[in-house]
>>> print(open('target_33.cif').read())   # mmCIF, C-alpha atoms and all ligand atoms
data_upload
#
loop_
_atom_site.label_atom_id
_atom_site.label_comp_id
_atom_site.auth_asym_id
_atom_site.auth_seq_id
_atom_site.Cartn_x
_atom_site.Cartn_y
_atom_site.Cartn_z
CA MET T 1 120.76 36.99 145.43
CA THR T 2 121.56 40.29 143.74
CA LYS T 3 121.40 40.34 139.95
CA GLU T 4 124.40 41.43 137.91
CA PHE T 5 124.12 44.29 135.45
CA ASN T 6 123.76 42.43 132.18
CA SER T 7 124.35 44.94 129.41
CA GLU T 8 123.46 42.53 126.61
CA GLN T 9 120.13 41.56 128.20
CA ILE T 10 119.27 45.20 128.86
CA ARG T 11 120.14 46.28 125.31
CA ALA T 12 117.94 43.51 123.95
CA LYS T 13 114.96 45.27 125.52
CA PHE T 14 115.40 48.39 123.37
CA PRO T 15 113.94 47.98 119.86
CA PHE T 16 115.58 51.18 118.60
CA LEU T 17 118.98 49.49 118.80
CA SER T 18 118.07 47.28 115.84
CA ARG T 19 117.80 50.20 113.45
CA GLU T 20 120.46 51.77 111.29
CA VAL T 21 121.20 55.41 110.60
CA ASN T 22 123.00 56.18 107.36
CA GLU T 23 123.49 52.44 106.90
CA LYS T 24 125.40 52.15 110.20
CA PRO T 25 124.14 50.61 113.45
CA ILE T 26 122.80 53.46 115.54
CA ILE T 27 124.95 54.81 118.34
CA TYR T 28 122.72 56.95 120.46
CA LEU T 29 124.64 59.33 122.68
CA ASP T 30 121.86 61.87 123.13
CA SER T 31 119.96 60.37 126.05
CA ALA T 32 120.29 63.52 128.17
CA ALA T 33 117.95 65.20 125.68
CA SER T 34 115.55 62.26 125.74
CA SER T 35 116.06 58.58 126.36
CA GLN T 36 114.95 55.68 124.20
CA LYS T 37 112.17 53.39 125.45
CA PRO T 38 112.33 49.72 126.45
CA GLN T 39 109.78 47.28 125.04
CA GLN T 40 107.82 47.07 128.29
CA VAL T 41 107.12 50.82 128.21
CA LEU T 42 106.00 50.60 124.57
CA ASP T 43 103.84 47.57 125.42
CA LYS T 44 102.22 49.35 128.35
CA LEU T 45 101.43 52.40 126.22
CA LEU T 46 99.87 50.24 123.51
CA SER T 47 97.96 47.94 125.88
CA THR T 48 96.55 50.90 127.82
CA TYR T 49 95.35 52.64 124.68
CA SER T 50 94.13 49.31 123.23
CA HIS T 51 92.24 47.78 126.15
CA GLY T 52 92.58 49.83 129.33
CA TYR T 53 91.81 53.38 128.35
CA ALA T 54 89.17 55.79 129.66
CA ASN T 55 89.21 59.13 131.40
CA ILE T 56 90.14 58.88 135.06
CA HIS T 57 88.77 59.91 138.45
CA ARG T 58 85.15 60.71 137.64
CA GLY T 59 83.95 57.67 135.73
CA LEU T 60 81.90 55.03 137.51
CA HIS T 61 82.30 52.37 134.86
CA THR T 62 84.84 49.56 134.77
CA LEU T 63 87.26 51.03 132.23
CA SER T 64 87.43 54.34 134.06
CA GLU T 65 87.96 52.62 137.39
CA GLU T 66 90.71 50.46 135.94
CA ALA T 67 92.45 53.43 134.34
CA THR T 68 92.12 55.44 137.56
CA ASN T 69 93.64 52.62 139.60
CA ALA T 70 96.50 52.16 137.15
CA TYR T 71 97.18 55.92 137.14
CA GLU T 72 97.09 56.20 140.92
CA GLU T 73 99.29 53.16 141.27
CA VAL T 74 102.00 55.04 139.37
CA ARG T 75 101.78 57.86 141.90
CA PHE T 76 102.51 55.29 144.56
CA LYS T 77 105.38 53.81 142.49
CA ILE T 78 106.96 57.21 142.01
CA ALA T 79 106.66 57.94 145.73
CA ARG T 80 108.44 54.68 146.52
CA PHE T 81 111.02 55.30 143.78
CA ILE T 82 112.17 58.61 145.28
CA ASN T 83 111.33 57.59 148.87
CA ALA T 84 108.59 60.15 149.40
CA SER T 85 106.71 59.67 152.65
CA SER T 86 103.33 59.87 150.91
CA LYS T 87 101.99 59.38 147.40
CA ASP T 88 99.99 62.56 147.90
CA GLU T 89 103.23 64.51 147.63
CA VAL T 90 103.61 63.39 144.01
CA ILE T 91 102.04 65.78 141.51
CA PHE T 92 101.88 64.73 137.88
CA THR T 93 102.80 67.47 135.43
CA SER T 94 103.75 67.50 131.78
CA GLY T 95 107.44 67.50 132.74
CA ALA T 96 110.16 69.31 134.65
CA THR T 97 109.47 72.59 132.87
CA MET T 98 105.83 72.56 133.93
CA SER T 99 106.82 71.51 137.46
CA LEU T 100 109.16 74.48 137.86
CA ASN T 101 106.52 76.83 136.44
CA LEU T 102 104.03 75.41 138.93
CA ILE T 103 106.37 76.07 141.87
CA ALA T 104 107.20 79.60 140.67
CA ASN T 105 103.58 80.53 139.98
CA SER T 106 102.04 78.93 143.03
CA TYR T 107 104.58 78.89 145.87
CA GLY T 108 106.57 81.77 144.41
CA LEU T 109 103.73 84.21 143.80
CA GLN T 110 102.27 83.48 147.21
CA ASN T 111 105.49 83.82 149.18
CA LEU T 112 107.84 86.24 147.42
CA LYS T 113 107.82 90.01 147.45
CA SER T 114 109.95 92.88 146.24
CA GLY T 115 113.51 92.66 147.54
CA ASP T 116 113.44 88.88 148.04
CA GLU T 117 116.12 86.81 146.36
CA ILE T 118 116.14 83.53 144.44
CA LEU T 119 119.49 81.80 144.35
CA ILE T 120 120.25 79.64 141.34
CA THR T 121 123.57 78.64 139.74
CA VAL T 122 125.12 79.70 136.45
CA ALA T 123 124.74 76.07 135.35
CA GLU T 124 120.96 75.99 135.12
CA HIS T 125 118.88 74.71 132.24
CA HIS T 126 116.61 77.53 131.02
CA ALA T 127 113.71 75.66 132.67
CA ASN T 128 115.25 76.57 136.03
CA ILE T 129 115.84 80.21 135.06
CA ILE T 130 112.94 81.57 133.06
CA PRO T 131 110.10 80.70 135.49
CA TRP T 132 112.06 82.53 138.23
CA GLN T 133 112.65 85.50 135.92
CA MET T 134 108.92 85.69 135.23
CA LEU T 135 108.24 85.48 138.96
CA CYS T 136 110.72 88.31 139.57
CA GLN T 137 108.98 90.46 136.97
CA LYS T 138 105.70 89.97 138.81
CA THR T 139 106.97 90.37 142.38
CA GLY T 140 110.06 92.60 142.25
CA ALA T 141 112.20 89.77 143.64
CA LYS T 142 115.61 89.23 142.05
CA ILE T 143 117.76 86.33 140.90
CA VAL T 144 121.28 85.85 142.21
CA ALA T 145 123.47 83.32 140.37
CA VAL T 146 126.21 81.27 142.02
CA PRO T 147 129.24 80.52 139.80
CA VAL T 148 130.93 77.16 139.26
CA ASP T 149 134.71 76.55 139.10
CA ASN T 150 136.59 76.39 135.80
CA ASP T 151 136.39 72.60 135.84
CA GLY T 152 132.63 72.74 136.49
CA CYS T 153 132.83 71.91 140.21
CA PHE T 154 130.38 73.52 142.58
CA ASN T 155 131.75 75.03 145.74
CA THR T 156 129.15 75.48 148.49
CA LYS T 157 131.21 78.36 149.90
CA GLU T 158 130.25 80.37 146.80
CA LEU T 159 126.62 79.65 147.61
CA LYS T 160 126.97 80.50 151.31
CA ASP T 161 128.64 83.79 150.37
CA ARG T 162 125.54 84.79 148.41
CA VAL T 163 122.85 83.76 150.87
CA THR T 164 121.32 86.79 152.59
CA LYS T 165 118.37 87.35 154.87
CA ASN T 166 116.39 88.03 151.69
CA THR T 167 117.05 84.61 150.16
CA LYS T 168 113.72 82.80 149.92
CA ILE T 169 114.35 80.09 147.33
CA ILE T 170 117.49 78.18 146.40
CA SER T 171 116.96 76.25 143.18
CA VAL T 172 119.73 74.05 141.82
CA PRO T 173 120.22 71.17 139.42
CA HIS T 174 120.86 67.70 140.82
CA VAL T 175 123.14 67.12 137.83
CA SER T 176 124.12 69.71 135.21
CA ASN T 177 122.95 68.76 131.73
CA VAL T 178 126.11 70.33 130.26
CA LEU T 179 128.89 69.78 132.80
CA GLY T 180 127.63 66.53 134.31
CA THR T 181 128.54 67.93 137.73
CA ILE T 182 126.63 66.29 140.57
CA PHE T 183 125.56 69.06 142.91
CA PRO T 184 125.70 68.52 146.69
CA VAL T 185 121.95 68.87 146.99
CA LYS T 186 121.74 67.55 150.54
CA GLU T 187 124.22 70.16 151.75
CA ILE T 188 122.50 72.87 149.70
CA SER T 189 119.10 71.95 151.23
CA ALA T 190 120.60 72.23 154.72
CA ILE T 191 122.02 75.68 153.87
CA ALA T 192 118.61 76.75 152.55
CA HIS T 193 116.84 75.63 155.72
CA GLU T 194 119.42 77.22 158.04
CA ASN T 195 118.52 80.47 156.29
CA ASN T 196 114.73 80.03 156.27
CA ALA T 197 114.66 79.46 152.53
CA ILE T 198 113.27 76.51 150.60
CA CYS T 199 115.34 74.28 148.33
CA VAL T 200 114.11 73.26 144.87
CA VAL T 201 116.04 70.54 143.04
CA ASP T 202 115.82 70.20 139.26
CA GLY T 203 116.27 66.45 139.20
CA CYS T 204 115.91 65.98 135.44
CA GLN T 205 119.45 64.66 134.99
CA GLY T 206 119.73 63.19 138.49
CA VAL T 207 116.89 60.73 138.95
CA ILE T 208 117.79 58.97 135.70
CA HIS T 209 121.32 58.11 136.77
CA MET T 210 121.33 57.39 140.52
CA PRO T 211 119.12 56.37 143.42
CA VAL T 212 117.24 59.40 144.77
CA ASP T 213 116.04 59.61 148.36
CA ILE T 214 114.26 62.91 148.75
CA GLN T 215 113.84 62.41 152.49
CA ASP T 216 117.60 62.08 152.82
CA ILE T 217 118.24 65.10 150.57
CA ASP T 218 115.56 66.92 152.58
CA CYS T 219 114.80 69.34 149.76
CA ASP T 220 111.35 70.93 149.52
CA PHE T 221 110.66 70.22 145.85
CA TYR T 222 112.20 67.71 143.44
CA VAL T 223 111.15 67.77 139.78
CA PHE T 224 111.81 65.57 136.77
CA SER T 225 110.54 64.51 133.33
CA GLY T 226 109.35 61.03 132.41
CA HIS T 227 110.82 61.08 128.90
CA LYS T 228 114.40 61.10 130.20
CA LEU T 229 113.61 58.18 132.51
CA TYR T 230 112.78 55.75 129.68
CA GLY T 231 109.12 56.80 129.85
CA PRO T 232 106.87 58.68 127.42
CA SER T 233 107.02 62.42 126.84
CA GLY T 234 104.24 64.66 128.17
CA ILE T 235 104.39 63.30 131.72
CA GLY T 236 106.61 64.38 134.59
CA VAL T 237 106.70 64.87 138.31
CA CYS T 238 106.70 67.68 140.81
CA TRP T 239 107.33 66.24 144.24
CA GLY T 240 106.76 68.66 147.11
CA LYS T 241 106.71 68.37 150.90
CA ALA T 242 103.15 67.82 152.12
CA GLU T 243 103.13 70.77 154.52
CA ILE T 244 104.28 73.15 151.79
CA LEU T 245 101.83 71.83 149.18
CA ALA T 246 98.97 72.12 151.68
CA ASP T 247 99.32 75.92 151.75
CA MET T 248 99.88 76.45 148.03
CA PRO T 249 97.15 77.85 145.78
CA PRO T 250 96.41 76.12 142.46
CA PHE T 251 98.38 77.21 139.41
CA LEU T 252 95.97 76.01 136.70
CA GLY T 253 92.20 75.91 137.11
CA GLY T 254 89.69 73.51 135.59
CA GLY T 255 88.21 70.08 136.09
CA ASP T 256 89.51 67.66 138.71
CA MET T 257 91.08 70.26 141.03
CA ILE T 258 87.93 71.46 142.81
CA ASP T 259 85.65 70.45 145.67
CA ASP T 260 82.70 72.69 144.98
CA VAL T 261 82.06 75.23 142.24
CA GLU T 262 79.67 78.17 142.08
CA ILE T 263 79.52 80.54 139.14
CA GLU T 264 81.68 83.11 140.90
CA SER T 265 83.71 81.05 143.34
CA ALA T 266 85.06 77.60 144.06
CA THR T 267 86.78 75.60 146.75
CA TYR T 268 89.78 73.56 145.76
CA SER T 269 90.63 69.94 146.43
CA GLN T 270 93.56 68.76 148.51
CA PRO T 271 96.98 68.13 146.93
CA PRO T 272 97.91 66.47 144.69
CA SER T 273 94.67 66.87 142.69
CA ARG T 274 94.60 70.63 143.46
CA PHE T 275 97.55 70.88 141.07
CA GLU T 276 96.29 68.52 138.37
CA ALA T 277 93.64 70.46 136.48
CA GLY T 278 92.22 68.86 133.34
CA THR T 279 92.69 65.48 131.72
CA PRO T 280 96.30 64.32 132.14
CA PRO T 281 98.27 62.13 129.72
CA ILE T 282 96.73 58.98 131.20
CA ALA T 283 98.35 56.21 129.16
CA GLU T 284 101.68 58.06 129.26
CA CYS T 285 101.54 58.19 133.04
CA ILE T 286 100.71 54.49 133.24
CA ALA T 287 103.62 53.75 130.89
CA LEU T 288 105.88 55.88 133.10
CA GLY T 289 105.05 53.35 135.78
CA ALA T 290 106.42 50.64 133.49
CA ALA T 291 109.59 52.72 133.06
CA VAL T 292 109.99 52.94 136.83
CA ASP T 293 109.51 49.16 137.04
CA PHE T 294 112.18 48.76 134.35
CA VAL T 295 114.87 50.74 136.19
CA THR T 296 113.85 49.45 139.62
CA ASP T 297 114.14 45.90 138.38
CA ILE T 298 117.71 46.54 137.20
CA GLY T 299 118.45 48.57 140.35
CA MET T 300 119.32 52.27 140.32
CA ASP T 301 122.52 51.51 142.25
CA LYS T 302 123.60 49.10 139.51
CA ILE T 303 122.71 51.61 136.80
CA ALA T 304 124.75 54.24 138.65
CA SER T 305 127.85 52.06 138.92
CA HIS T 306 127.58 50.82 135.32
CA GLU T 307 127.27 54.37 134.06
CA LYS T 308 130.10 55.60 136.27
CA SER T 309 132.60 53.17 134.76
CA LEU T 310 131.23 53.90 131.29
CA LEU T 311 131.71 57.64 131.80
CA LEU T 312 135.25 57.06 133.01
CA TYR T 313 135.95 54.96 129.92
CA GLY T 314 134.39 57.66 127.72
CA HIS T 315 136.68 60.31 129.16
CA GLN T 316 139.76 58.11 128.72
CA ARG T 317 138.83 57.22 125.17
CA LEU T 318 137.98 60.77 124.08
CA ALA T 319 141.09 62.21 125.76
CA SER T 320 143.11 60.61 122.95
CA VAL T 321 141.29 62.59 120.25
CA ARG T 322 143.48 65.39 118.88
CA GLY T 323 142.36 68.90 119.80
CA LEU T 324 139.55 67.74 122.09
CA SER T 325 138.90 69.70 125.29
CA PHE T 326 136.43 68.56 127.90
CA VAL T 327 133.92 71.04 129.28
CA GLY T 328 133.20 69.93 132.83
CA THR T 329 135.71 67.67 134.55
CA SER T 330 134.37 67.52 138.07
CA PRO T 331 135.50 64.26 139.74
CA ASN T 332 131.90 63.87 140.85
CA LYS T 333 129.97 63.78 137.59
CA SER T 334 127.31 61.77 135.88
CA GLY T 335 125.65 61.15 132.54
CA VAL T 336 127.22 63.58 130.10
CA ILE T 337 130.54 64.43 128.47
CA SER T 338 130.64 67.87 126.89
CA PHE T 339 133.56 68.80 124.70
CA THR T 340 134.89 71.03 121.95
CA LEU T 341 137.26 70.23 119.10
CA ASP T 342 139.88 72.76 117.98
CA ALA T 343 139.28 71.88 114.33
CA ALA T 344 135.49 72.02 114.03
CA HIS T 345 132.38 73.74 115.35
CA PRO T 346 130.09 71.49 117.46
CA HIS T 347 127.33 71.77 114.82
CA ASP T 348 129.73 70.50 112.14
CA ILE T 349 130.89 67.71 114.42
CA SER T 350 127.34 66.54 115.05
CA THR T 351 126.37 66.70 111.38
CA LEU T 352 129.49 64.84 110.23
CA ILE T 353 129.41 62.04 112.78
CA ASP T 354 125.74 61.46 112.01
CA GLN T 355 127.09 59.98 108.78
CA ASP T 356 128.58 57.25 111.00
CA GLY T 357 125.22 56.69 112.70
CA ILE T 358 126.28 58.57 115.84
CA ALA T 359 123.80 60.86 117.56
CA ILE T 360 125.19 63.52 119.88
CA ARG T 361 123.88 66.98 120.73
CA ALA T 362 125.52 70.24 119.75
CA GLY T 363 124.56 73.72 120.82
CA HIS T 364 123.96 75.69 123.99
CA HIS T 365 121.91 72.88 125.57
CA CYS T 366 119.31 75.36 126.85
CA ALA T 367 121.99 76.76 129.14
CA GLN T 368 122.99 80.03 127.51
CA PRO T 369 124.08 81.74 130.76
CA LEU T 370 126.48 78.84 131.38
CA MET T 371 127.86 79.10 127.83
CA LYS T 372 128.44 82.83 128.34
CA PHE T 373 130.02 82.16 131.73
CA LEU T 374 132.39 79.64 130.10
CA ASN T 375 133.03 81.95 127.14
CA LEU T 376 131.73 79.39 124.68
CA SER T 377 129.00 79.63 122.08
CA SER T 378 128.27 75.92 122.14
CA THR T 379 129.63 72.49 122.96
CA ALA T 380 129.23 68.99 121.63
CA ARG T 381 127.70 66.63 124.18
CA ALA T 382 127.73 62.86 124.37
CA SER T 383 125.33 61.53 126.98
CA ILE T 384 124.77 58.01 128.19
CA ALA T 385 121.98 55.80 129.43
CA VAL T 386 121.46 52.26 130.63
CA TYR T 387 121.83 50.89 127.06
CA SER T 388 125.13 52.67 126.36
CA GLU T 389 128.33 50.62 126.10
CA PRO T 390 132.09 51.27 125.84
CA GLU T 391 132.01 50.55 122.10
CA ASP T 392 129.89 53.69 121.67
CA PHE T 393 132.85 55.79 122.78
CA ASP T 394 135.27 53.78 120.61
CA ALA T 395 133.11 54.62 117.60
CA LEU T 396 132.78 58.25 118.68
CA ALA T 397 136.56 58.67 119.09
CA ILE T 398 137.20 57.17 115.63
CA SER T 399 134.55 59.35 114.05
CA LEU T 400 135.90 62.49 115.72
CA GLU T 401 139.36 61.77 114.29
CA LYS T 402 137.67 61.59 110.89
CA VAL T 403 136.23 65.04 111.52
CA ASN T 404 139.73 66.23 112.39
CA ARG T 405 141.02 64.90 109.06
CA ILE T 406 138.14 66.48 107.09
CA PHE T 407 139.00 69.84 108.65
CA GLY T 408 142.71 69.31 107.93
CA ALA T 409 143.78 68.89 111.54
N1 LIG O 501 116.40 70.67 133.58
C1 LIG O 501 117.40 69.97 133.07
C2 LIG O 501 118.69 69.84 133.82
C3 LIG O 501 117.27 69.38 131.82
O1 LIG O 501 118.27 68.68 131.28
C4 LIG O 501 116.04 69.53 131.11
C5 LIG O 501 115.84 68.90 129.74
N2 LIG O 501 116.90 69.04 128.88
C6 LIG O 501 115.02 70.26 131.71
C7 LIG O 501 115.23 70.82 132.95
C8 LIG O 501 113.69 70.46 131.03
O2 LIG O 501 113.06 69.26 130.86
P1 LIG O 501 111.71 69.15 129.97
O3 LIG O 501 112.00 69.82 128.68
O4 LIG O 501 111.50 67.69 129.86
O5 LIG O 501 110.64 69.84 130.75
#
>>> encode(input="target_33.cif", output="structure tokens")
Amino acid sequence: MTKEFNSEQIRAKFPFLSREVNEKPIIYLDSAASSQKPQQVLDKLLSTYSHGYANIHRGLHTLSEEATNAYEEVRFKIARFINASSKDEVIFTSGATMSLNLIANSYGLQNLKSGDEILITVAEHHANIIPWQMLCQKTGAKIVAVPVDNDGCFNTKELKDRVTKNTKIISVPHVSNVLGTIFPVKEISAIAHENNAICVVDGCQGVIHMPVDIQDIDCDFYVFSGHKLYGPSGIGVCWGKAEILADMPPFLGGGDMIDDVEIESATYSQPPSRFEAGTPPIAECIALGAAVDFVTDIGMDKIASHEKSLLLYGHQRLASVRGLSFVGTSPNKSGVISFTLDAAHPHDISTLIDQDGIAIRAGHHCAQPLMKFLNLSSTARASIAVYSEPEDFDALAISLEKVNRIFGA
């Protein structure tokens, strides 16, 4: 029997919902920046640090073996969660930013040369721009950016028009953190492969909102951060295809990534440990496993359909606010609603509605090229998660009308 999505039961698992901000019940619409944590993730973090903690991989005592097993079990869980064919394709990093830097510095430095091209979109988070810029500075490769439509839709023809024989990497978001647009990553991967390029997917805003099957997408790398997936910060994932990882040199050197070390040389271990130098955030990784259990237990398909109707409701509700314009109205979107108000700057909006206990984000959202492309300096952004409910948007709409009144609109 399939379980229904029970919003009340799910909300009861999030302790943060019992607190007030400015003497109002909190309304947290900033989950795209970082999500709140369910009790089971907090419990796992505490129990690991309390009774199950030791350094992993090299210890021969009970605590170390237990911690190692718990850590490695999460690798297996993540592999199953994104349908990877092997747990050895799952590299733990500190987050999506580190994952993209790993790909750029390892795969990129090894495979790119002067004249090569990296295709990204104008809608990237800086984490999917700067590592490529740094790679270009080192190799002489260049970045080519694919535009989006005025409504934030992505047209694969625009991408195809920019692919050349020099294109080596196509790196795109699964979901834009500003526009909410869901990118056709399966189609983009196919285009990359038809042109002998690899496809990197920044899955930060994707994996948290919908089921992800990386074998179906057939991309070469898929990266995300644990802290947006109801897990702790400091832990994230870089999934890569086994045959590509096998040929990649390490990015960081140190303990745990070697086979044999001499004073002047070393041989490196196989992936994934080749890419996991040093002591990782052990308890955080184990608690990320609890976060994966949490969403898997609800069902990513159920989360996706709950959030889809919530987003639709959010758009309808906010459309009634005077002077509000949406930024990003692709019919295929997820997770976020960005907007501007004629009467007030996004920073003023965010500060004022905080008085009503409402948390949204205002600014460039680490996507300055997109802001420039859209001719905006910033937007306000309401983003949702599994604990969000329609009432959040009712409160937001009422509070925004208050802002209108304060600014005389
Ligand atoms: N890509 C996207 C689309 C994001 O939304 C974010 C976080 N805002 C990142 C990358 C970077 O994630 P982190 O800071 O967790 O590394």
>>> atom_distance(input="target_33.cif", atom1="atom CA of Phe339 of chain T", atom2="atom CA of Asp151 of chain T")
12.1 Å
>>> closest_residue(input="target_33.cif", among="T:Ser225, T:Ser34, T:Thr279, T:Thr296", to="Met210 of chain T", atoms="all atoms listed in the file")
T:Thr296
>>> atom_distance(input="target_33.cif", atom1="atom CA of Ala32 of chain T", atom2="atom CA of Lys228 of chain T")
6.7 Å
>>> residues_near_ligand(input="target_33.cif", ligand="ligand LIG 501 (chain O)", cutoff="8 Å", atoms="only C-alpha atoms and all ligand atoms", output="number ranges by chain")
T: 32-34, 94-99, 124-128, 173-177, 202-205, 224-228, 233, 236, 365-366
>>> atom_distance(input="target_33.cif", atom1="atom CA of Asp88 of chain T", atom2="atom CA of Val41 of chain T")
24.0 Å
>>> residues_around(input="target_33.cif", residues="Lys165 of chain T", least_positions_apart="3", cutoff="12 Å", atoms="only C-alpha atoms", output="PyMOL selection string")
chain T and resi 115-119+160-162+168-169+192-197
>>> closest_residue(input="target_33.cif", among="T:Pro131, T:Gly299, T:Gly335, T:Gly59", to="Ser35 of chain T", atoms="all atoms listed in the file")
T:Gly335
>>> residues_around(input="target_33.cif", residues="Ile244 of chain T", least_positions_apart="4", cutoff="10 Å", atoms="all atoms listed in the file", output="ChimeraX atom specification")
/T:89,107,198,220-221,240,248
>>> axis_aligned_box(input="target_33.cif", around="segment 203-206 of chain T", padding_each_side="8 Å", output="lines of an AutoDock Vina configuration file")
center_x = 117.8
center_y = 64.8
center_z = 137.1
size_x = 19.8
size_y = 19.3
size_z = 20.2
>>> closest_residue(input="target_33.cif", among="T:Ala380, T:Ala283, T:Ile91, T:Ala54", to="Gly363 of chain T", atoms="only C-alpha atoms")
T:Ala380
>>> residues_near_point(input="target_33.cif", point="(91.6, 59.6, 137.1)", cutoff="6 Å", atoms="all atoms listed in the file", output="compact mmCIF listing (two decimals) with C-alpha atoms, in the coordinates of the input")
# COMPACT_ATOMS: atom_id res chain seq x y z
CA ILE T 56 90.14 58.88 135.06
CA HIS T 57 88.77 59.91 138.45
CA THR T 68 92.12 55.44 137.56
>>> closest_residue(input="target_33.cif", among="T:Ile349, T:Leu60, T:Val144, T:Val292", to="Ile208 of chain T", atoms="only C-alpha atoms")
T:Val292
>>> residues_around(input="target_33.cif", residues="Phe16 of chain T", least_positions_apart="4", cutoff="12 Å", atoms="only C-alpha atoms", output="PDB file with C-alpha atoms, in the coordinates of the input")
ATOM      1  CA  ARG T  11     120.140  46.280 125.310  1.00  0.00           C
ATOM      2  CA  ALA T  12     117.940  43.510 123.950  1.00  0.00           C
ATOM      3  CA  GLU T  20     120.460  51.770 111.290  1.00  0.00           C
ATOM      4  CA  VAL T  21     121.200  55.410 110.600  1.00  0.00           C
ATOM      5  CA  PRO T  25     124.140  50.610 113.450  1.00  0.00           C
ATOM      6  CA  ILE T  26     122.800  53.460 115.540  1.00  0.00           C
ATOM      7  CA  ILE T  27     124.950  54.810 118.340  1.00  0.00           C
ATOM      8  CA  TYR T  28     122.720  56.950 120.460  1.00  0.00           C
ATOM      9  CA  SER T  35     116.060  58.580 126.360  1.00  0.00           C
ATOM     10  CA  GLN T  36     114.950  55.680 124.200  1.00  0.00           C
ATOM     11  CA  LYS T  37     112.170  53.390 125.450  1.00  0.00           C
ATOM     12  CA  PRO T  38     112.330  49.720 126.450  1.00  0.00           C
ATOM     13  CA  GLN T  39     109.780  47.280 125.040  1.00  0.00           C
ATOM     14  CA  LEU T  42     106.000  50.600 124.570  1.00  0.00           C
ATOM     15  CA  TYR T 387     121.830  50.890 127.060  1.00  0.00           C
TER      16      TYR T 387
END
>>> decode(input="target_33.cif", residues="segment 143-166 of chain T", atoms="C-alpha atoms", output="compact mmCIF listing (two decimals), in the first residue's frame")
# COMPACT_ATOMS: atom_id res chain seq x y z
CA ILE T 143 33.62 29.53 -21.51
CA VAL T 144 30.62 29.91 -23.79
CA ALA T 145 27.28 30.75 -22.14
CA VAL T 146 23.90 29.66 -23.49
CA PRO T 147 21.04 32.14 -22.88
CA VAL T 148 17.58 31.38 -21.49
CA ASP T 149 14.28 32.83 -22.77
CA ASN T 150 12.66 35.88 -21.18
CA ASP T 151 10.40 33.63 -19.12
CA GLY T 152 13.40 31.58 -17.94
CA CYS T 153 12.80 28.61 -20.26
CA PHE T 154 15.76 26.77 -21.68
CA ASN T 155 15.73 26.02 -25.37
CA THR T 156 18.08 23.20 -26.39
CA LYS T 157 18.36 24.75 -29.86
CA GLU T 158 20.30 27.61 -28.27
CA LEU T 159 22.67 25.03 -26.81
CA LYS T 160 23.01 23.07 -30.07
CA ASP T 161 23.80 26.33 -31.90
CA ARG T 162 26.79 26.87 -29.62
CA VAL T 163 28.25 23.38 -29.60
CA THR T 164 31.40 23.21 -31.73
CA LYS T 165 34.08 20.62 -32.32
CA ASN T 166 35.98 22.34 -29.50
